[in-house]
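Q: Provided herewith: upload_8.cif, mmCIF, C-alpha atoms.
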```cif
data_final
loop_
_atom_site.group_PDB
_atom_site.id
_atom_site.type_symbol
_atom_site.label_atom_id
_atom_site.label_comp_id
_atom_site.auth_asym_id
_atom_site.auth_seq_id
_atom_site.Cartn_x
_atom_site.Cartn_y
_atom_site.Cartn_z
ATOM 1 C CA MET N 14 -38.188 27.474 -66.646
ATOM 2 C CA LYS N 15 -38.279 25.213 -63.632
ATOM 3 C CA LYS N 16 -35.698 22.515 -63.238
ATOM 4 C CA PHE N 17 -36.675 18.971 -62.358
ATOM 5 C CA ALA N 18 -35.273 15.489 -61.902
ATOM 6 C CA ILE N 19 -37.213 12.278 -62.408
ATOM 7 C CA THR N 20 -36.361 8.773 -61.229
ATOM 8 C CA ALA N 21 -37.895 5.414 -62.048
ATOM 9 C CA ILE N 22 -37.424 1.814 -61.007
ATOM 10 C CA THR N 23 -38.285 -0.885 -63.534
ATOM 11 C CA THR N 24 -40.095 -4.114 -62.740
ATOM 12 C CA ILE N 25 -36.736 -5.929 -62.869
ATOM 13 C CA GLY N 26 -35.158 -3.526 -60.362
ATOM 14 C CA GLU N 27 -33.201 -1.199 -62.655
ATOM 15 C CA PHE N 28 -32.907 2.441 -61.538
ATOM 16 C CA TRP N 29 -33.145 5.195 -64.177
ATOM 17 C CA ALA N 30 -32.917 8.984 -63.820
ATOM 18 C CA TRP N 31 -33.204 12.040 -66.057
ATOM 19 C CA GLY N 32 -33.725 15.782 -65.917
ATOM 20 C CA SER N 33 -31.777 18.590 -64.261
ATOM 21 C CA ASN N 34 -28.487 17.553 -62.713
ATOM 22 C CA ASN N 35 -26.778 20.845 -61.820
ATOM 23 C CA ASN N 36 -26.074 19.645 -58.255
ATOM 24 C CA GLY N 37 -25.508 15.967 -59.082
ATOM 25 C CA GLN N 38 -29.016 14.998 -57.946
ATOM 26 C CA LEU N 39 -29.372 12.253 -60.565
ATOM 27 C CA GLY N 40 -26.690 10.182 -58.865
ATOM 28 C CA ASP N 41 -24.723 9.386 -62.020
ATOM 29 C CA GLY N 42 -21.488 10.997 -60.806
ATOM 30 C CA THR N 43 -21.799 14.032 -63.109
ATOM 31 C CA THR N 44 -23.501 17.418 -63.217
ATOM 32 C CA ILE N 45 -24.681 16.970 -66.826
ATOM 33 C CA ASP N 46 -28.418 17.431 -67.442
ATOM 34 C CA ARG N 47 -29.944 14.280 -68.965
ATOM 35 C CA HIS N 48 -32.779 14.633 -71.482
ATOM 36 C CA ILE N 49 -33.393 10.907 -71.845
ATOM 37 C CA PRO N 50 -33.500 8.226 -69.112
ATOM 38 C CA ASN N 51 -30.054 6.979 -68.081
ATOM 39 C CA PRO N 52 -29.316 3.886 -66.004
ATOM 40 C CA ILE N 53 -27.912 4.542 -62.532
ATOM 41 C CA THR N 54 -25.690 1.961 -60.875
ATOM 42 C CA PHE N 55 -24.964 1.667 -57.169
#
```
Would you give me this structure, written as structure tokens?

A:
Amino acid sequence: MKKFAITAITTIGEFWAWGSNNNGQLGDGTTIDRHIPNPITF
């Protein structure tokens, strides 16, 4: 199975990410895979 990461920006400027996170690519400070969209703060 291929791994993937998806990001989205809402119309009000929120940043959300989900998917594979084995290298921390989602930017949430963890390496936990996310199966539902999670908000990312900067």

Q: Give me the residues within 7 Å of stretch 15-30 of chain N as an mmCIF file with C-alpha atoms, in the frame of the given file, counting all atoms listed in the file and dropping any in the same chain fewer than 3 places off.

A:
```cif
data_model
loop_
_atom_site.group_PDB
_atom_site.id
_atom_site.type_symbol
_atom_site.label_atom_id
_atom_site.label_comp_id
_atom_site.auth_asym_id
_atom_site.auth_seq_id
_atom_site.Cartn_x
_atom_site.Cartn_y
_atom_site.Cartn_z
ATOM 1 C CA SER N 33 -31.777 18.590 -64.261
ATOM 2 C CA LEU N 39 -29.372 12.253 -60.565
ATOM 3 C CA PRO N 50 -33.500 8.226 -69.112
ATOM 4 C CA ASN N 51 -30.054 6.979 -68.081
ATOM 5 C CA PRO N 52 -29.316 3.886 -66.004
ATOM 6 C CA ILE N 53 -27.912 4.542 -62.532
#
```

Q: Build an axis-aligned box that encloses every atom of stretch 27-41 of chain N listed in the file, pad it by 4 Å on each side, and report its centre and edge lengths in Å to one decimal, as AutoDock Vina command-line options.

A:
```
--center_x -29.2 --center_y 9.8 --center_z -62.0 --size_x 17.0 --size_y 30.0 --size_z 16.1
```

Q: Which polymer residues, whether protein, DNA or RNA, lie within 8 Å of the coordinate (-28.1, 15.1, -68.2) when you count all atoms listed in the file? List them as a PyMOL selection string, using the chain letters and numbers from the file.

A: chain N and resi 31-34+44-49
